[in-house]
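Worksheet: the structure to be examined is printed underneath.
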Amino acid sequence: MKKKIAMLLSSLLVVSMLSGCGSEATVNTESNVTTTTENQNMQTTEPVNITVWHCADATIADTLQKQVDALAPEIVVTFERKENMSDALKLVGDDPESAPDMYMWAHDKVGTFAQMGMLSPITDVLTEDDLADFLPMTLSAGEYQGDKYQLPLYYEALLFLYNKDLMETAPETTDELLELMKNETTADQYVFVEQHSTSYNAAAWIQGFGGYLINENKEPGLNLPQTVEAMEYHKQFVSYMPADGEYNTVTTLFTEGKAASTIGGPWLVPGIKEAGIDLGIAPMPVLPNGTSLTPFSGVQGVHVLKHAAETKKEALAEVLKVLGSKETGVALENAASCAPANSKAYEDASVSEDPMIMALNTMADNVVPTPNIPEMNVMWSVTDDLLAAVNKHGEDVQTACDAHQKEALEQISAMQ
């Protein structure tokens with residue numbers, strides 16, 4: 001009997017020990033699983049890398065880089081300078097192994113790259129609400145066939161610049177300007193100079209009269225009645241300017257105080273101030289039809305490649321929101337005198353106190369974004385040739401316009 005009791009107690013002791021070991025093993029296993037899972041999460045939560053190609057001024061690129069660095073370590077953005085942007089992008093296409101995730105460039109090549117199938121509309125990444133604060137002109141610049149392909153960051157346009165020591169107040173109308181040119185231009189002192197035979201500059205006169213170089217339907221407008229009228233009117237001004245009308249000539253005359261006024265871009269302003277010119281910036285003068293000169297605008301912004309939108313959508317959205325923010329707009333203006341695309345940036349005192357930036361802001365509703373269709377590449381050279389024929393070689397305006405309209409149509413047809 002004693003032997004049976006002893007055997008029973010031994011069995012109970014073994015069961016108890018096994019039960020105790022089993023409980024301890026369960027706790028340890030759960031702990032090990034938890035620890036293992038945490039380690040795996042730490043290992044798999046790697047940063048999302050975003051590469052942005054650009055060819056911008058170093059100050060602009062550095063400013064943007066500082067803004068997006070705040071997204072690290074979860075999102076690491078690298079701005080990589082790329083020369084010959086157009087060729088580089090055409091070479092890599094939408095290849096995820098070699099193409100960037102985004103690139104920053106002017107809006108006027110949107111059509112080319114959208115046609116190549118490389119780009120994703122930014123509305124695939126952002127909502128329309130995310131775009132509510134942008135100046136309408138800056139958004140429309142990046143539209144192609146109904147889709148928005150660019151997140152605008154800043155923009156540029158031609159300005160009426162004058163030397164306050166030589167011109168007390170800027171003329172309000174082009175007729176006033178012409179009268180001053182007739183009465184005060186001398187052999188070594190000009191009232192007004194511009195790149196009169198460069199299509200980018202002459203477009204302000206053509207568009208002010210209601211003409212155009214090319215419309216969204218890919219139709220050239222070089223022999224429209226409005227274009228012909230603009231060129232006839234503009235010829236009067238050209239006769240009181242240097243014959244060549246080249247960039248270096250115009251810029252040198254103004255910075256040396258030999259021209260009282262000019263039309264030029266914001267990129268001229270630092271050099272003008274460095275030359276000691278007491279610079280004034282005025283609204284574009286009004287044409288006889290009641291419309292002011294209406295220049296092209298160029299919008300610099302960010303474009304998303306399709307492969308990146310498909311694989312990094314959430315990260316791209318965060319990057320785009322930072323780049324398009326009011327804060328980034330203010331930072332760009334403060335660092336590089338860029339006119340922000342985000343309208344809220346103009347509420348900041350450091351922006352609103354800059355007369356050049358506020359002049360651009362005022363003009364934002366009276367500019368025409370440079371056409372972003374591939375056919376515009378034809379129009380630059382054909383229009384330059386037309387302007388040279390009329391302004392430098394004295395050809396009849398209507399005849400020259402008809403001939404160059406035909407040339408533009410033939411070249412565009414050859415592109416098809």
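Convention: chains lettered A, B, ... in structure tokens order; per-chain residue numbering from 1; ligands numbered from 1 as shown.
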Would you please extract all strand (DSSP E) residues from region 336-376 of chain A, as assigned by DSSP on the backbone, and give them as a ChimeraX atom specification?
/A:339-340,368-369
Suppose we keep C-alpha atoms; can you now write the selection as a CSV table (one decimal), in the first residue's frame?
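Produced file again-v8.csv, reproduced below:
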chain,number,residue,atom,x,y,z
A,339,ALA,CA,7.4,85.0,-56.8
A,340,PRO,CA,5.6,82.2,-54.9
A,368,VAL,CA,-0.2,84.2,-70.6
A,369,PRO,CA,1.5,81.0,-69.6
Find the spatial neighbours of Lys406 (chain A), counting only C-alpha atoms, within a cut-off of 12 Å - ignore same-chain residues fewer than 3 positions away - and output them as a PyMOL selection string.
chain A and resi 219-223+379+382-383+386+399-403+409-413
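Using only C-alpha atoms, the protein and nucleic acid residues lying no more than 9 Å from Leu279 (chain A), apart from those fewer than 3 places from it along its own chain, are A:Leu161, A:Tyr162, A:Asn163, A:Lys164, A:Asp165, A:Val269, A:Ile272, A:Lys273, A:Gly276.
One distance worth recording is that between CA of Pro355 (chain A) and CA of Gln207 (chain A), which is 24.9 Å.
Taking CA of Leu135 (chain A) and CA of Ser325 (chain A) as the two end points, the separation is 12.5 Å.
Distance annotation: of A:Thr112, A:Ser343, A:Thr328, A:Thr362, the residue with the minimal separation from Ala70 (chain A) is A:Thr328; atom set is only C-alpha atoms.
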Using only C-alpha atoms, find each residue in region 236-323 of chain A having at least one atom no more than 6 Å away from region 187-192 of chain A; report its shortest atom-to-atom pair and that distance in Å (one decimal), rows by chain then rising number, as JSON lines.
{"residue": "A:Lys258", "atom": "CA", "partner": "A:Gln189", "partner_atom": "CA", "distance": 5.0}
{"residue": "A:Ala259", "atom": "CA", "partner": "A:Tyr190", "partner_atom": "CA", "distance": 4.5}
{"residue": "A:Ala260", "atom": "CA", "partner": "A:Val191", "partner_atom": "CA", "distance": 4.9}
{"residue": "A:Ser261", "atom": "CA", "partner": "A:Phe192", "partner_atom": "CA", "distance": 4.7}
{"residue": "A:Thr262", "atom": "CA", "partner": "A:Phe192", "partner_atom": "CA", "distance": 5.4}
Residue contacts of Ser239 (chain A) (10 Å, only C-alpha atoms) excluding same-chain residues fewer than 4 positions away, as a short mmCIF file (atom, residue, chain, number, x, y, z; two decimals) with N, CA and C atoms, in the first residue's frame:
data_model
loop_
_atom_site.label_atom_id
_atom_site.label_comp_id
_atom_site.auth_asym_id
_atom_site.auth_seq_id
_atom_site.Cartn_x
_atom_site.Cartn_y
_atom_site.Cartn_z
N MET A 181 9.57 108.74 -76.60
CA MET A 181 10.65 108.23 -77.45
C MET A 181 10.90 109.16 -78.63
N LYS A 182 9.83 109.67 -79.23
CA LYS A 182 9.98 110.58 -80.37
C LYS A 182 10.66 111.88 -79.97
N HIS A 234 3.87 98.06 -83.24
CA HIS A 234 5.14 97.88 -82.56
C HIS A 234 6.31 98.43 -83.37
N LYS A 235 6.20 98.37 -84.68
CA LYS A 235 7.27 98.87 -85.55
C LYS A 235 7.63 100.32 -85.26
N ALA A 243 19.14 98.88 -83.39
CA ALA A 243 18.67 98.01 -84.47
C ALA A 243 18.72 96.53 -84.11
N ASN A 391 11.19 93.87 -88.45
CA ASN A 391 11.85 94.92 -87.67
C ASN A 391 13.27 95.26 -88.13
N LYS A 392 13.95 94.28 -88.71
CA LYS A 392 15.35 94.50 -89.09
C LYS A 392 15.55 94.65 -90.59
#
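For the set A:Glu407, A:Asp133, A:Asp385, A:Glu172, the residue with the smallest atom-to-atom gap to Gly324 (chain A) is A:Asp133, counting only C-alpha atoms.
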With 10 Å as the cut-off and only C-alpha atoms counted, what is the closest atom pair between each nearby residue of region 49-146 of chain A and region 307-322 of chain A? Distances in Å to one decimal, ordered by chain and number, as CSV.
residue,atom,partner,partner_atom,distance
A:Asn49,CA,A:Ala315,CA,8.7
A:Ile50,CA,A:Leu316,CA,7.6
A:Thr51,CA,A:Ala308,CA,9.8
A:Leu64,CA,A:Val322,CA,9.1
A:Gln67,CA,A:Val322,CA,7.0
A:Val68,CA,A:Val322,CA,6.5
A:Asp69,CA,A:Val319,CA,9.7
A:Ala70,CA,A:Val322,CA,9.1
A:Leu71,CA,A:Val319,CA,7.7
A:Glu74,CA,A:Ala315,CA,8.7
A:Ile75,CA,A:Ala315,CA,6.7
A:Val76,CA,A:Ala315,CA,9.4
A:Val77,CA,A:Val319,CA,8.0
A:Asp94,CA,A:His307,CA,6.3
A:Asp95,CA,A:His307,CA,7.4
A:Pro96,CA,A:His307,CA,6.1
A:Glu97,CA,A:His307,CA,9.8
A:Ala99,CA,A:His307,CA,8.9
A:Pro100,CA,A:Ala308,CA,8.2
A:Asp101,CA,A:Ala308,CA,5.1
A:Met102,CA,A:Ala308,CA,7.7
A:Met118,CA,A:His307,CA,8.1
A:Leu119,CA,A:His307,CA,8.5
A:Ser120,CA,A:Ala309,CA,6.6
A:Pro121,CA,A:Ala309,CA,9.0
A:Ile122,CA,A:Ala309,CA,8.7
A:Thr123,CA,A:Ala317,CA,9.9
A:Asp124,CA,A:Ala309,CA,7.3
A:Val125,CA,A:Ala317,CA,5.6
A:Leu126,CA,A:Ala317,CA,6.0
A:Thr127,CA,A:Ala317,CA,9.4
A:Asp130,CA,A:Lys321,CA,7.5
A:Leu131,CA,A:Lys321,CA,9.2
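Within 8 Å of region 150-156 of chain A, once only C-alpha atoms are used and residues closer than 3 positions along the same chain are dropped, the contacting residues are A:His107, A:Val110, A:Pro121, A:Ile122, A:Phe134, A:Thr138, A:Leu139, A:Gly142, A:Glu143, A:Gly265, A:Pro266, A:Ser297, A:Gly298, A:Val299, A:Gln300, A:Gly301, A:Val302, A:His303, A:Val304, A:Leu320, A:Leu323, A:Gly324, A:Gly329, A:Cys338, A:Ala339, A:Pro340, A:Ala341, A:Asn342, A:Leu360.
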Two-atom distance - CA of Leu332 (chain A), CA of Tyr144 (chain A) (Å):
26.3 Å
Nearest residue to Gly271 (chain A) out of A:Thr251, A:Gly93, A:Pro288, A:Val238, using only C-alpha atoms?
A:Thr251
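Take the candidates A:Gln416, A:Ala56, A:Ala141, A:Pro295 and check each one against Glu216 (chain A) using only C-alpha atoms; the shortest distance goes to A:Ala141.
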